[in-house]
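Some notes on the structure that comes next.
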Amino acid sequence: MDDLLRLARQMRTRAHAPYSKFQVGAALRAADGSIHGGCNVENAAYPQGLCAEAGAIAAMVAAGQTRILECLVVGAGPEVITPCGGCRQKLREFAADDMKIHLCGPDGLQRTVTLGELLPLSFGPQHVAKP
Ligand code: THU
């Protein structure tokens, strides 16, 4: 988990969050062991902003990986932050219910949850699989 925390912290320093001033960093471990990071990237046209998790997922897929084994998010603390609803669904595309999501503040781990806990009874790729 240390490698994910290090990367997510570094990503958080690169967040573009001039509107919310709420910097977030995320890191994912893919099935081949590689790790990928992202930060939130806000936009003057507010709804066009991207979450840190979305950036990390895009980096992972661009690197040729499509399976997330583990995820870590670093927020501002002291309150625990969790991936937003949209990001939970984005993670679901590439991860199983038991995928661990480590929720961190600047000082480190606060809590670990699973994707299934955050997104129960989820809709996923199997529901649209062609027979
Ligand atoms: N944000 C993330 O990047 N990830 C989360 O898990 C929660 C929220 C971002 C979106 C926006 O740029 C800022 O945090 C405030 O909502």
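Convention: chains lettered A, B, ... in structure tokens order; per-chain residue numbering from 1; ligands numbered from 1 as shown.
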Would you name the residues within 7 Å of ligand 1, counting only C-alpha atoms and all ligand atoms, and put them as an MDAnalysis selection string? chainID A and resid 17 20 22:25 39:42 49:53 73 81:84
Quick one: pick out all alpha helix (DSSP H) residues within chain A from a backbone DSSP run and write them as a PyMOL selection string. chain A and resi 2-13+52-62+85-92+115-118
From a DSSP pass on the backbone, collect the residues of chain A flagged as strand (DSSP E or B) and hand them back as a PyMOL selection string. chain A and resi 16+25-30+35-39+41+50+68-74+100-105+108-114
All residues 8 Å or closer to Thr66 of chain A, only C-alpha atoms, same chain fewer than 5 positions away omitted, as a VMD selection string: chain A and resid 30 to 31 60 to 61 94
Go ahead and save the picked residues with all heavy atoms, as an mmCIF file, in the first residue's frame.
data_model
loop_
_atom_site.group_PDB
_atom_site.id
_atom_site.type_symbol
_atom_site.label_atom_id
_atom_site.label_comp_id
_atom_site.auth_asym_id
_atom_site.auth_seq_id
_atom_site.Cartn_x
_atom_site.Cartn_y
_atom_site.Cartn_z
ATOM 1 N N ALA A 30 -2.946 -2.235 -10.906
ATOM 2 C CA ALA A 30 -3.551 -3.048 -11.964
ATOM 3 C C ALA A 30 -3.117 -4.507 -11.819
ATOM 4 O O ALA A 30 -2.236 -4.833 -11.021
ATOM 5 C CB ALA A 30 -3.139 -2.497 -13.326
ATOM 6 N N ALA A 31 -3.771 -5.361 -12.595
ATOM 7 C CA ALA A 31 -3.554 -6.807 -12.472
ATOM 8 C C ALA A 31 -2.107 -7.211 -12.712
ATOM 9 O O ALA A 31 -1.632 -8.204 -12.140
ATOM 10 C CB ALA A 31 -4.474 -7.536 -13.445
ATOM 11 N N MET A 60 -4.480 4.134 -16.376
ATOM 12 C CA MET A 60 -4.337 2.678 -16.350
ATOM 13 C C MET A 60 -4.757 2.050 -17.682
ATOM 14 O O MET A 60 -4.052 1.201 -18.236
ATOM 15 C CB MET A 60 -5.184 2.093 -15.205
ATOM 16 C CG MET A 60 -5.065 0.600 -15.071
ATOM 17 S SD MET A 60 -6.369 -0.131 -14.057
ATOM 18 C CE MET A 60 -7.746 -0.144 -15.208
ATOM 19 N N VAL A 61 -5.885 2.502 -18.188
ATOM 20 C CA VAL A 61 -6.380 1.928 -19.452
ATOM 21 C C VAL A 61 -5.447 2.310 -20.602
ATOM 22 O O VAL A 61 -5.130 1.492 -21.475
ATOM 23 C CB VAL A 61 -7.839 2.375 -19.724
ATOM 24 C CG1 VAL A 61 -8.302 1.924 -21.101
ATOM 25 C CG2 VAL A 61 -8.765 1.810 -18.650
ATOM 26 N N PHE A 94 -13.952 -1.928 -13.926
ATOM 27 C CA PHE A 94 -12.657 -2.613 -13.983
ATOM 28 C C PHE A 94 -12.323 -3.366 -12.697
ATOM 29 O O PHE A 94 -11.180 -3.794 -12.526
ATOM 30 C CB PHE A 94 -11.544 -1.583 -14.269
ATOM 31 C CG PHE A 94 -11.785 -0.794 -15.534
ATOM 32 C CD1 PHE A 94 -12.202 0.532 -15.481
ATOM 33 C CD2 PHE A 94 -11.621 -1.387 -16.779
ATOM 34 C CE1 PHE A 94 -12.442 1.251 -16.641
ATOM 35 C CE2 PHE A 94 -11.856 -0.679 -17.952
ATOM 36 C CZ PHE A 94 -12.271 0.648 -17.888
#
Residues near segment 105-109 of chain A, anyone? I mean within 8 Å using only C-alpha atoms, not counting same-chain ones fewer than 5 positions away, as a PyMOL selection string. chain A and resi 5+9+74-80
Hey, could you make a per-residue contact list for segment 46-111 of chain A against segment 122-125 of chain A with 8 Å as the cut-off, showing the nearest pair of atoms and its distance in Å to one decimal, counting only C-alpha atoms, sorted by chain and number, as a tab-separated table?
residue	atom	partner	partner_atom	distance
A:Gln89	CA	A:Ser122	CA	7.9
A:Arg92	CA	A:Gly124	CA	6.6
A:Glu93	CA	A:Gly124	CA	6.2
Name the closest residue to Ala54 of chain A among the candidates A:Cys87, A:Ile35, A:Val128, A:Ala27; distances are taken between atoms, counting only C-alpha atoms. A:Cys87
